[in-house]
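Asks: You'll find upload.cif just under this line, and it carries mmCIF, C-alpha atoms.
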```cif
data_target
#
loop_
_atom_site.label_atom_id
_atom_site.label_comp_id
_atom_site.auth_asym_id
_atom_site.auth_seq_id
_atom_site.Cartn_x
_atom_site.Cartn_y
_atom_site.Cartn_z
CA MET B 1 -57.50 -97.16 -27.07
CA LYS B 2 -60.40 -99.31 -25.96
CA VAL B 3 -58.87 -102.39 -27.59
CA LYS B 4 -55.50 -101.58 -26.01
CA ASN B 5 -57.10 -101.17 -22.60
CA LEU B 6 -58.99 -104.42 -23.08
CA PHE B 7 -55.79 -106.35 -23.74
CA SER B 8 -53.95 -104.65 -20.89
CA SER B 9 -56.74 -105.53 -18.46
CA PHE B 10 -57.72 -108.99 -19.75
CA GLY B 11 -54.73 -110.00 -21.84
CA GLN B 12 -54.07 -113.24 -19.96
CA GLN B 13 -57.72 -114.25 -20.06
CA ILE B 14 -57.94 -113.56 -23.78
CA LEU B 15 -54.73 -115.48 -24.41
CA LEU B 16 -56.00 -118.41 -22.32
CA LEU B 17 -59.25 -118.39 -24.30
CA LEU B 18 -57.33 -118.49 -27.58
CA ILE B 19 -55.12 -121.35 -26.35
CA THR B 20 -58.19 -123.26 -25.15
CA ILE B 21 -59.83 -122.82 -28.54
CA GLY B 22 -56.56 -124.07 -30.04
CA VAL B 23 -56.69 -127.18 -27.83
CA PHE B 24 -60.26 -127.85 -28.97
CA CYS B 25 -59.33 -127.41 -32.64
CA PHE B 26 -56.23 -129.57 -32.17
CA TRP B 27 -58.29 -132.54 -30.97
CA TYR B 28 -61.27 -132.00 -33.23
CA PHE B 29 -59.43 -131.37 -36.50
CA CYS B 30 -56.08 -133.14 -36.01
CA PHE B 31 -56.70 -136.13 -33.75
CA PRO B 32 -60.44 -136.94 -33.68
CA TYR B 33 -59.67 -140.60 -34.41
CA VAL B 34 -57.73 -140.91 -31.15
CA LEU B 35 -60.82 -139.74 -29.27
CA VAL B 36 -63.07 -142.21 -31.09
CA MET B 37 -60.67 -145.08 -30.44
CA ARG B 38 -60.47 -144.28 -26.73
CA GLU B 39 -64.24 -144.76 -26.55
CA SER B 40 -63.96 -148.08 -28.38
CA MET B 41 -61.55 -149.42 -25.74
CA GLN B 42 -63.81 -149.10 -22.71
CA LEU B 43 -67.29 -149.87 -21.42
CA PHE B 44 -68.66 -147.53 -18.78
CA LEU B 45 -71.65 -148.98 -16.93
CA TRP B 46 -74.16 -147.02 -14.87
CA ASN B 47 -74.34 -149.35 -11.88
CA SER B 48 -72.86 -149.59 -8.39
CA GLN B 49 -71.04 -152.86 -9.09
CA TYR B 50 -68.96 -151.22 -11.81
CA PHE B 51 -68.09 -148.36 -9.46
CA MET B 52 -67.05 -150.74 -6.68
CA GLU B 53 -64.85 -152.73 -9.08
CA ARG B 54 -62.99 -149.57 -9.99
CA VAL B 55 -62.46 -148.12 -6.49
CA ALA B 56 -61.29 -151.51 -5.20
CA VAL B 57 -57.81 -150.83 -6.61
CA PRO B 58 -55.41 -147.86 -6.25
CA GLY B 59 -56.31 -145.09 -8.69
CA GLY B 60 -59.78 -146.48 -9.20
CA LEU B 61 -61.66 -143.21 -8.76
CA ALA B 62 -59.49 -141.46 -11.36
CA GLN B 63 -60.04 -144.38 -13.74
CA TYR B 64 -63.78 -144.30 -13.10
CA ILE B 65 -64.03 -140.57 -13.85
CA GLY B 66 -61.76 -140.96 -16.89
CA GLU B 67 -63.91 -143.73 -18.34
CA PHE B 68 -67.06 -141.74 -17.58
CA LEU B 69 -65.69 -138.88 -19.71
CA ALA B 70 -64.27 -141.18 -22.40
CA GLN B 71 -67.70 -142.64 -23.15
CA TYR B 72 -68.56 -139.28 -24.75
CA PHE B 73 -65.54 -139.42 -27.05
CA MET B 74 -67.64 -141.30 -29.61
CA ASN B 75 -68.56 -137.80 -30.81
CA PRO B 76 -65.20 -136.07 -31.54
CA MET B 77 -66.72 -132.64 -30.91
CA SER B 78 -67.75 -133.53 -27.35
CA GLY B 79 -64.40 -135.25 -26.79
CA ALA B 80 -62.48 -132.18 -27.95
CA ALA B 81 -64.67 -129.97 -25.73
CA ILE B 82 -63.95 -132.19 -22.71
CA TYR B 83 -60.20 -131.93 -23.28
CA ALA B 84 -60.52 -128.13 -23.66
CA VAL B 85 -62.38 -127.87 -20.34
CA LEU B 86 -59.81 -130.08 -18.63
CA PHE B 87 -57.09 -127.78 -20.00
CA VAL B 88 -58.73 -124.72 -18.42
CA VAL B 89 -59.15 -126.51 -15.09
CA GLU B 90 -55.51 -127.61 -15.09
CA GLN B 91 -54.32 -124.08 -15.88
CA TRP B 92 -56.44 -122.53 -13.12
CA LEU B 93 -55.25 -125.05 -10.53
CA SER B 94 -51.63 -124.51 -11.59
CA ALA B 95 -52.04 -120.74 -11.30
CA GLN B 96 -53.49 -121.09 -7.79
CA LEU B 97 -50.61 -123.26 -6.63
CA LEU B 98 -48.03 -120.92 -8.16
CA GLN B 99 -49.69 -117.96 -6.46
CA ARG B 100 -49.35 -119.70 -3.11
CA ALA B 101 -45.78 -120.92 -3.70
CA PHE B 102 -44.41 -117.72 -5.34
CA PRO B 103 -46.55 -114.76 -4.26
CA THR B 104 -43.98 -112.20 -5.45
CA LEU B 105 -43.65 -113.66 -8.95
CA LYS B 106 -44.89 -111.40 -11.74
CA ASN B 107 -48.30 -112.29 -13.16
CA ALA B 108 -46.97 -112.75 -16.68
CA TYR B 109 -44.34 -115.27 -15.55
CA ARG B 110 -46.87 -117.04 -13.37
CA PHE B 111 -49.27 -117.31 -16.31
CA VAL B 112 -46.61 -118.81 -18.57
CA LEU B 113 -45.60 -121.33 -15.91
CA SER B 114 -49.23 -122.26 -15.30
CA LEU B 115 -49.46 -123.50 -18.89
CA LEU B 116 -46.67 -126.07 -18.52
CA VAL B 117 -48.67 -128.79 -16.76
CA PRO B 118 -51.75 -128.49 -19.04
CA LEU B 119 -49.61 -128.60 -22.18
CA ALA B 120 -47.66 -131.59 -20.84
CA LEU B 121 -50.92 -133.43 -20.19
CA VAL B 122 -52.12 -132.65 -23.73
CA ARG B 123 -48.94 -134.19 -25.10
CA LEU B 124 -49.41 -137.20 -22.82
CA ALA B 125 -52.97 -137.68 -24.03
CA MET B 126 -51.75 -138.01 -27.62
CA ILE B 127 -50.06 -141.33 -26.75
CA PRO B 128 -52.55 -144.14 -27.50
CA GLU B 129 -51.17 -146.30 -24.68
CA VAL B 130 -51.96 -143.60 -22.07
CA PRO B 131 -55.64 -143.43 -21.02
CA LEU B 132 -57.41 -140.46 -19.46
CA THR B 133 -56.70 -141.76 -15.93
CA PRO B 134 -53.38 -139.93 -15.22
CA THR B 135 -54.83 -136.60 -16.43
CA ILE B 136 -57.80 -136.93 -14.08
CA ALA B 137 -55.53 -138.07 -11.26
CA VAL B 138 -53.28 -135.00 -11.56
CA ILE B 139 -56.30 -132.69 -11.60
CA LEU B 140 -57.76 -134.27 -8.46
CA VAL B 141 -54.46 -134.08 -6.57
CA MET B 142 -53.92 -130.45 -7.61
CA ALA B 143 -57.43 -129.61 -6.41
CA VAL B 144 -56.64 -131.12 -3.00
CA MET B 145 -53.38 -129.16 -2.87
CA VAL B 146 -55.26 -125.92 -3.58
CA LEU B 147 -57.64 -126.69 -0.71
CA MET B 148 -54.81 -127.40 1.72
CA PRO B 149 -54.79 -125.02 4.75
CA SER B 150 -52.22 -122.25 4.73
CA ASN B 151 -51.08 -122.93 8.31
CA LYS B 152 -47.91 -125.03 8.04
CA ASN B 153 -48.51 -127.24 11.06
CA ILE B 154 -52.08 -128.03 10.06
CA ARG B 155 -50.91 -128.63 6.50
CA VAL B 156 -48.43 -131.28 7.68
CA ILE B 157 -51.15 -133.13 9.56
CA THR B 158 -53.59 -132.79 6.67
CA SER B 159 -51.00 -134.04 4.17
CA CYS B 160 -50.24 -137.13 6.25
CA MET B 161 -53.95 -137.87 6.43
CA MET B 162 -54.62 -137.23 2.73
CA ILE B 163 -51.67 -139.10 1.19
CA PRO B 164 -53.08 -142.61 1.92
CA VAL B 165 -56.60 -141.54 0.95
CA MET B 166 -55.60 -139.82 -2.28
CA TYR B 167 -53.18 -142.57 -3.18
CA TRP B 168 -56.00 -145.10 -3.10
CA LEU B 169 -58.34 -142.82 -5.05
CA VAL B 170 -55.98 -141.55 -7.75
CA GLY B 171 -52.84 -143.71 -7.66
CA PRO B 172 -49.19 -142.60 -7.90
CA ALA B 173 -50.13 -139.00 -8.76
CA ALA B 174 -50.68 -138.59 -5.01
CA ILE B 175 -46.91 -138.18 -4.74
CA LEU B 176 -47.53 -134.49 -5.55
CA LEU B 177 -48.90 -134.12 -2.02
CA VAL B 178 -45.37 -134.76 -0.74
CA LEU B 179 -44.50 -131.28 -2.04
CA CYS B 180 -47.07 -129.60 0.21
CA CYS B 181 -44.66 -129.69 3.14
CA ILE B 182 -41.10 -129.21 1.92
CA ARG B 183 -39.55 -129.45 5.39
CA TRP B 184 -41.33 -132.71 6.06
CA VAL B 185 -40.58 -134.44 2.76
CA PRO B 186 -38.77 -137.42 4.40
CA LEU B 187 -41.88 -138.13 6.47
CA THR B 188 -44.43 -137.71 3.68
CA ALA B 189 -42.25 -139.56 1.16
CA THR B 190 -41.90 -142.49 3.57
CA LEU B 191 -45.66 -142.52 4.06
CA PHE B 192 -46.20 -142.54 0.29
CA ALA B 193 -43.70 -145.42 -0.15
CA ALA B 194 -45.55 -147.35 2.56
CA CYS B 195 -48.78 -146.88 0.61
CA LEU B 196 -47.15 -148.31 -2.52
CA LEU B 197 -45.75 -151.30 -0.71
CA GLY B 198 -48.92 -151.97 1.26
CA SER B 199 -51.18 -151.85 -1.79
CA SER B 200 -48.99 -154.43 -3.56
CA TRP B 201 -49.85 -156.85 -0.74
CA VAL B 202 -53.62 -156.35 -0.84
CA THR B 203 -54.20 -156.07 -4.60
CA PRO B 204 -53.50 -158.61 -7.38
CA TYR B 205 -50.84 -156.45 -9.02
CA PRO B 206 -47.03 -156.57 -8.75
CA LEU B 207 -45.18 -153.67 -7.13
CA GLN B 208 -43.85 -152.47 -10.51
CA ARG B 209 -47.40 -152.15 -11.90
CA ILE B 210 -48.56 -150.45 -8.70
CA ALA B 211 -45.69 -147.94 -8.84
CA ARG B 212 -46.37 -146.88 -12.44
CA GLY B 213 -50.14 -146.80 -11.89
CA VAL B 214 -52.61 -149.61 -12.48
CA ASP B 215 -54.32 -147.68 -15.29
CA TYR B 216 -51.79 -144.93 -16.03
CA TYR B 217 -49.96 -146.61 -18.87
CA TRP B 218 -51.01 -149.71 -20.75
CA GLY B 219 -47.60 -150.53 -22.20
CA THR B 220 -46.84 -151.75 -25.71
CA GLU B 221 -47.18 -155.47 -25.10
CA ARG B 222 -50.48 -155.37 -26.96
CA ASN B 223 -50.37 -153.24 -30.09
CA ILE B 224 -53.25 -150.75 -30.09
CA GLY B 225 -52.58 -149.52 -33.61
CA SER B 226 -51.07 -146.65 -35.55
CA TYR B 227 -52.58 -143.23 -36.19
CA GLU B 228 -53.06 -144.33 -39.81
CA GLN B 229 -55.16 -147.30 -38.74
CA MET B 230 -57.19 -145.24 -36.26
CA GLU B 231 -58.02 -142.59 -38.84
CA CYS B 232 -58.90 -145.16 -41.49
CA ASP B 233 -61.09 -147.00 -38.99
CA MET B 234 -62.98 -143.79 -38.21
CA LEU B 235 -63.48 -143.00 -41.89
CA MET B 236 -64.74 -146.52 -42.54
CA ARG B 237 -67.26 -146.26 -39.70
CA LEU B 238 -68.47 -142.98 -41.22
CA GLY B 239 -68.71 -144.58 -44.66
CA ALA B 240 -66.34 -141.99 -46.15
CA TRP B 241 -65.24 -144.34 -48.93
CA SER B 242 -64.02 -141.70 -51.37
CA ASP B 243 -61.92 -140.03 -48.67
CA MET B 244 -60.33 -143.39 -47.82
CA ILE B 245 -59.39 -144.07 -51.44
CA GLU B 246 -57.92 -140.59 -51.88
CA LYS B 247 -56.03 -140.50 -48.56
CA TYR B 248 -54.50 -143.99 -48.50
CA ARG B 249 -52.99 -144.47 -51.92
CA TYR B 250 -49.86 -146.02 -50.37
CA PRO B 251 -50.89 -147.40 -46.95
CA ASN B 252 -48.33 -148.73 -44.49
CA SER B 253 -50.76 -151.18 -42.88
CA VAL B 254 -52.03 -154.40 -44.43
CA THR B 255 -55.41 -153.87 -42.81
CA VAL B 256 -55.68 -150.29 -44.09
CA ALA B 257 -54.90 -151.59 -47.58
CA SER B 258 -57.74 -154.11 -47.19
CA ALA B 259 -60.09 -151.35 -45.99
CA VAL B 260 -59.24 -149.25 -49.05
CA LYS B 261 -60.13 -152.21 -51.26
CA VAL B 262 -63.47 -152.44 -49.47
CA ALA B 263 -63.92 -148.72 -50.19
CA SER B 264 -63.26 -149.46 -53.86
CA TYR B 265 -65.90 -152.19 -53.71
CA GLU B 266 -68.41 -149.88 -52.01
CA THR B 267 -67.88 -147.21 -54.68
CA GLY B 268 -68.33 -149.76 -57.48
CA GLN B 269 -64.72 -149.88 -58.63
CA MET B 270 -64.43 -153.66 -58.14
CA ASP B 271 -66.83 -156.57 -57.65
CA ARG B 272 -67.02 -158.99 -54.71
CA THR B 273 -64.85 -161.70 -56.28
CA GLU B 274 -62.13 -159.19 -57.11
CA LEU B 275 -62.32 -157.84 -53.58
CA PHE B 276 -61.71 -161.22 -51.92
CA ALA B 277 -58.96 -162.12 -54.36
CA SER B 278 -57.17 -158.82 -53.76
CA MET B 279 -57.25 -159.21 -49.97
CA VAL B 280 -54.97 -162.26 -49.88
CA VAL B 281 -51.65 -161.11 -48.41
CA PRO B 282 -48.22 -162.78 -48.19
CA GLU B 283 -48.06 -165.37 -45.41
CA GLU B 284 -45.06 -163.75 -43.74
CA LEU B 285 -47.13 -160.61 -43.11
CA GLN B 286 -50.14 -162.12 -41.41
CA THR B 287 -51.49 -164.34 -38.69
CA PRO B 288 -52.56 -167.64 -40.31
CA ALA B 289 -56.31 -167.04 -40.14
CA ILE B 290 -58.23 -168.02 -43.27
CA PHE B 291 -61.83 -166.89 -43.67
CA SER B 292 -64.21 -168.49 -46.15
CA SER B 293 -67.52 -167.33 -47.61
CA ASN B 294 -69.31 -168.60 -50.70
CA GLY B 295 -66.21 -170.50 -51.74
CA LEU B 296 -64.03 -167.38 -51.56
CA HIS B 297 -61.07 -167.44 -49.17
CA MET B 298 -59.42 -164.50 -47.50
CA ARG B 299 -56.41 -164.29 -45.18
CA VAL B 300 -56.61 -161.58 -42.53
CA ASN B 301 -53.96 -160.04 -40.32
CA PHE B 302 -54.92 -159.14 -36.74
CA GLU B 303 -51.93 -156.81 -36.47
CA SER B 304 -53.42 -154.57 -33.78
CA LEU B 305 -56.51 -153.76 -31.76
CA VAL B 306 -57.67 -151.26 -34.37
CA ALA B 307 -57.04 -153.79 -37.13
CA ALA B 308 -59.27 -156.34 -35.38
CA PHE B 309 -62.09 -153.78 -35.21
CA MET B 310 -61.59 -152.96 -38.88
CA VAL B 311 -61.66 -156.64 -39.88
CA SER B 312 -64.94 -157.02 -37.99
CA ASP B 313 -66.44 -154.09 -39.88
CA ILE B 314 -65.16 -155.41 -43.21
CA ALA B 315 -66.62 -158.85 -42.51
CA MET B 316 -70.05 -157.40 -41.67
CA LEU B 317 -70.02 -155.43 -44.92
CA MET B 318 -69.26 -158.67 -46.76
CA ASN B 319 -72.00 -160.68 -44.98
CA MET B 320 -69.56 -162.83 -42.99
CA PRO B 321 -71.06 -162.72 -39.45
CA THR B 322 -68.93 -165.45 -37.86
CA VAL B 323 -65.78 -163.70 -39.06
CA ALA B 324 -67.10 -160.40 -37.72
CA GLN B 325 -67.87 -162.09 -34.41
CA ARG B 326 -64.44 -163.66 -34.05
CA SER B 327 -62.80 -160.33 -34.92
CA ALA B 328 -64.84 -158.50 -32.29
CA PHE B 329 -63.64 -161.01 -29.68
CA GLU B 330 -60.08 -160.53 -30.89
CA ALA B 331 -60.46 -156.74 -30.52
CA MET B 332 -61.57 -157.08 -26.89
CA GLU B 333 -58.68 -159.43 -26.15
CA PHE B 334 -56.31 -156.77 -27.53
CA ILE B 335 -57.50 -154.10 -25.06
CA PRO B 336 -54.43 -153.58 -22.83
CA ASN B 337 -56.17 -153.13 -19.47
CA TYR B 338 -58.60 -156.02 -20.10
CA ASN B 339 -61.60 -153.71 -20.43
CA LYS B 340 -64.69 -154.72 -22.30
CA SER B 341 -65.77 -152.69 -25.30
CA GLY B 342 -69.20 -151.28 -26.00
CA ARG B 343 -68.41 -151.23 -29.70
CA ALA B 344 -67.40 -154.90 -29.66
CA LEU B 345 -70.45 -155.94 -27.62
CA LYS B 346 -72.70 -154.15 -30.09
CA ARG B 347 -71.14 -156.15 -32.90
CA LEU B 348 -71.62 -159.38 -30.91
CA VAL B 349 -75.32 -158.58 -30.55
CA GLU B 350 -75.59 -158.13 -34.31
CA THR B 351 -73.75 -161.34 -35.17
CA ASN B 352 -75.69 -163.44 -32.68
CA LEU B 353 -78.98 -162.14 -34.02
CA ILE B 354 -77.87 -163.12 -37.51
CA THR B 355 -76.66 -166.59 -36.50
CA GLY B 356 -79.74 -167.31 -34.36
CA ASN B 357 -78.12 -167.23 -30.90
CA TYR B 358 -80.82 -165.04 -29.41
CA ARG B 359 -80.14 -165.81 -25.74
CA VAL B 360 -76.53 -164.75 -26.18
CA ALA B 361 -77.68 -161.56 -27.87
CA LEU B 362 -79.98 -160.85 -24.91
CA LYS B 363 -77.06 -161.26 -22.52
CA TYR B 364 -75.05 -158.61 -24.34
CA LEU B 365 -78.09 -156.35 -24.69
CA ALA B 366 -78.57 -156.40 -20.91
CA ILE B 367 -75.04 -155.04 -20.53
CA LEU B 368 -75.40 -152.38 -23.22
CA GLU B 369 -78.65 -151.15 -21.70
CA GLU B 370 -76.59 -149.85 -18.76
CA THR B 371 -74.42 -147.64 -20.97
CA ALA B 372 -74.92 -144.07 -22.19
CA ASN B 373 -74.01 -144.53 -25.86
CA TYR B 374 -75.62 -147.87 -26.62
CA SER B 375 -78.66 -148.07 -24.30
CA LYS B 376 -81.13 -146.63 -26.82
CA TRP B 377 -79.86 -148.95 -29.54
CA ALA B 378 -80.01 -151.93 -27.16
CA GLN B 379 -83.60 -151.13 -26.25
CA GLU B 380 -84.48 -151.08 -29.94
CA MET B 381 -82.77 -154.44 -30.51
CA ARG B 382 -84.29 -156.23 -27.50
CA PRO B 383 -87.70 -156.88 -29.17
CA LEU B 384 -85.87 -158.49 -32.11
CA ALA B 385 -84.00 -160.86 -29.79
CA GLU B 386 -87.10 -161.67 -27.76
CA HIS B 387 -89.27 -162.14 -30.87
CA PRO B 388 -86.95 -163.46 -33.62
CA GLU B 389 -89.77 -163.54 -36.17
CA ARG B 390 -89.54 -159.75 -36.29
CA LEU B 391 -86.09 -160.04 -37.84
CA GLN B 392 -87.83 -160.93 -41.12
CA GLN B 393 -89.27 -157.41 -41.24
CA HIS B 394 -85.94 -155.72 -40.47
CA PRO B 395 -84.21 -154.41 -43.63
CA PHE B 396 -80.69 -155.37 -42.48
CA PHE B 397 -81.14 -158.55 -40.45
CA GLN B 398 -83.58 -160.14 -42.89
CA LYS B 399 -81.02 -160.01 -45.71
CA ALA B 400 -78.12 -160.92 -43.41
CA GLN B 401 -79.89 -164.01 -42.06
CA GLU B 402 -80.80 -165.19 -45.54
CA SER B 403 -77.20 -164.78 -46.69
CA PHE B 404 -75.87 -166.61 -43.60
CA GLN B 405 -78.28 -169.54 -43.96
CA LYS B 406 -77.54 -170.05 -47.63
CA ALA B 407 -73.80 -169.42 -47.74
CA GLU B 408 -70.75 -171.14 -46.29
CA ASP B 409 -69.28 -168.84 -43.66
CA MET B 410 -66.50 -170.15 -41.45
CA PHE B 411 -62.95 -169.54 -40.30
CA PHE B 412 -59.93 -171.79 -39.87
CA ILE B 413 -56.88 -171.30 -37.68
#
```
What would the structure in this file look like if it were written as structure tokens?
Replies:
Amino acid sequence: MKVKNLFSSFGQQILLLLITIGVFCFWYFCFPYVLVMRESMQLFLWNSQYFMERVAVPGGLAQYIGEFLAQYFMNPMSGAAIYAVLFVVEQWLSAQLLQRAFPTLKNAYRFVLSLLVPLALVRLAMIPEVPLTPTIAVILVMAVMVLMPSNKNIRVITSCMMIPVMYWLVGPAAILLVLCCIRWVPLTATLFAACLLGSSWVTPYPLQRIARGVDYYWGTERNIGSYEQMECDMLMRLGAWSDMIEKYRYPNSVTVASAVKVASYETGQMDRTELFASMVVPEELQTPAIFSSNGLHMRVNFESLVAAFMVSDIAMLMNMPTVAQRSAFEAMEFIPNYNKSGRALKRLVETNLITGNYRVALKYLAILEETANYSKWAQEMRPLAEHPERLQQHPFFQKAQESFQKAEDMFFI
């Protein structure tokens, strides 16, 4: 009876807890590589200039908060936990709005309806081209709607005041505020349209981009990469070579196939000459970039953003720093919203230390020192860039520099 009473009294809370745990497990066990890749495509800096750059365009605050959270996606467990918390917040806000709009609706129906928006946002987050920005924007607008006064006349005035403000802070999601005053929709909708049109005059974005959200959807003009590539990239960064060989027996991506060959090399199943020879692909399948090292030539396909990151990692494993450097630049150029990448900048520090460009390495280290994920690493690398002689005592850079100085390492386009 106690269990029955527990479910009758707290059934919705228990069900919400189970669904939230399911959301966490979904991200952590099924799509951790999407979380890791989101972190690779942004560079959150702890300074006022970065904040001002974001809030200078419509939706900038939502983008800023989204990138702040995404920096912790490097650890899939923290990323999954963040999405689970966001799910609970979305459900609670939805329930509050439904309670206000339909006070006579049964609790069970209201609970079911309150799950629709959170589940829709989870599905939206699975799309690689959609960043965290629209999810944060919807949450912020819903929070403002919950705080709206109950008096209808005051609500109309408040809505008219908040639409321009919220539009600039969160972007097109502010259109939800139009629903706060059903009888005054023509007025609030006209005000929202004026915000769209006005912002297209004062910001360097066309009206079409403004209407869909500056950072709501990156589009498919620049290929981010497939789920297969993202997962393989994560496994390669973890050094899970045996898992890569077992999982990708018949890969669909040229770059994944190359990564699997590297895994075979790392597990001792082929030597270095065999590795380079096996990575030559048909010309019709690849960008004509030819990399050379120690007389061995390799053609590489920059087929996506993820592929460029993977090529950079492969090149570092094979002691080809200039190839790794070029690939890191290619990866940043692939980022759809023109963000910088902490992962790419870290690689550029490594390659410039190897090739002797210490001032360039110091420039990138100064940027990484203002991040959460890379600041400790940057502080450890700074003495090496300021005192290059210390590189000879470093187990990795000492061997890498020797290999670079003795071997031919170049690329041709």
Asks: Neighbouring residues of B:Met37 were defined as those with any atom within 12 Å, considering only C-alpha atoms; residues of the same chain fewer than 3 positions away were excluded. Please report them as JSON, numbers by chain.
Replies: {"B": [31, 32, 33, 34, 40, 41, 42, 70, 71, 72, 73, 74, 75, 76, 79, 126, 127, 128, 129, 131, 224, 225, 226, 227, 229, 230, 231, 232, 233, 234, 235, 237, 305, 306, 307, 309, 310, 331, 335, 341, 342, 343, 344]}
Asks: Taking into account only C-alpha atoms, which residue in the set B:Leu18, B:Asn352, B:Ala84, B:Pro58 is nearest to B:Tyr205?
Replies: B:Pro58
Asks: Just checking: using all atoms listed in the file, which residue out of B:Gln96, B:Thr371, B:Asn337, B:Thr322 ends up closest to B:Glu350?
Replies: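 Of B:Gln96, B:Thr371, B:Asn337, B:Thr322, the one nearest B:Glu350, counting all atoms listed in the file, is B:Thr322.
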Asks: Report the distance between atom CA of B:Ala95 and atom CA of B:Leu61 in Å, rounded to one decimal place.
Replies: 24.6 Å
Asks: Mind telling me what the PyMOL selection byres ((chain B and resi 245) around 12) catches here, as a list of chain:residue names?
Replies: B:Cys232, B:Leu235, B:Met236, B:Gly239, B:Ala240, B:Trp241, B:Ser242, B:Asp243, B:Met244, B:Glu246, B:Lys247, B:Tyr248, B:Arg249, B:Tyr250, B:Pro251, B:Val256, B:Ala257, B:Ser258, B:Ala259, B:Val260, B:Lys261, B:Val262, B:Ala263, B:Ser264, B:Tyr265, B:Glu266, B:Thr267, B:Gln269
Asks: If the PyMOL selection byres ((chain B and resi 87) around 9) were run on this exact file, what residues would it hold? Put them as number ranges by chain.
Replies: B: 20, 23, 82-86, 88-92, 115, 118-119, 121-122
Asks: Name the residues that the PyMOL selection byres ((chain B and resi 54) around 12) pulls out of this structure, and write them as number ranges by chain.
Replies: B: 44-45, 47-53, 55-68, 133, 168-171, 214-215, 339
Asks: Counting only C-alpha atoms, find residues at most 10 Å from (-75.5, -157.3, -27.4) (file frame) and give them as a PyMOL selection string.
Replies: chain B and resi 342-353+358-369+374+377-378+381-382+385
Asks: Which of these residues is nearest to B:Glu333, using all atoms listed in the file: B:Ala211, B:Ile175, B:Ala308, B:Ala400?
Replies: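 Checking each candidate against B:Glu333, we get B:Ala308 as the closest.
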Asks: Would you mind reading off the distance between atom CA of B:Ser199 and atom CA of B:Ala173, one decimal, in Å?
Replies: 14.7 Å
Asks: Between atom CA of B:Lys340 and atom CA of B:Ser253, what distance in Å does the model show, to one decimal?
Replies: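 Computed distance, atom CA of B:Lys340 to atom CA of B:Ser253, equals 25.1 Å.
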Asks: Determine the nearest neighbour of B:Asn153 from the options B:Phe102, B:Ala174, B:Trp184, B:Met270, counting only C-alpha atoms.
Replies: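 Once distances to B:Asn153 are computed over only C-alpha atoms, the minimum belongs to B:Trp184.
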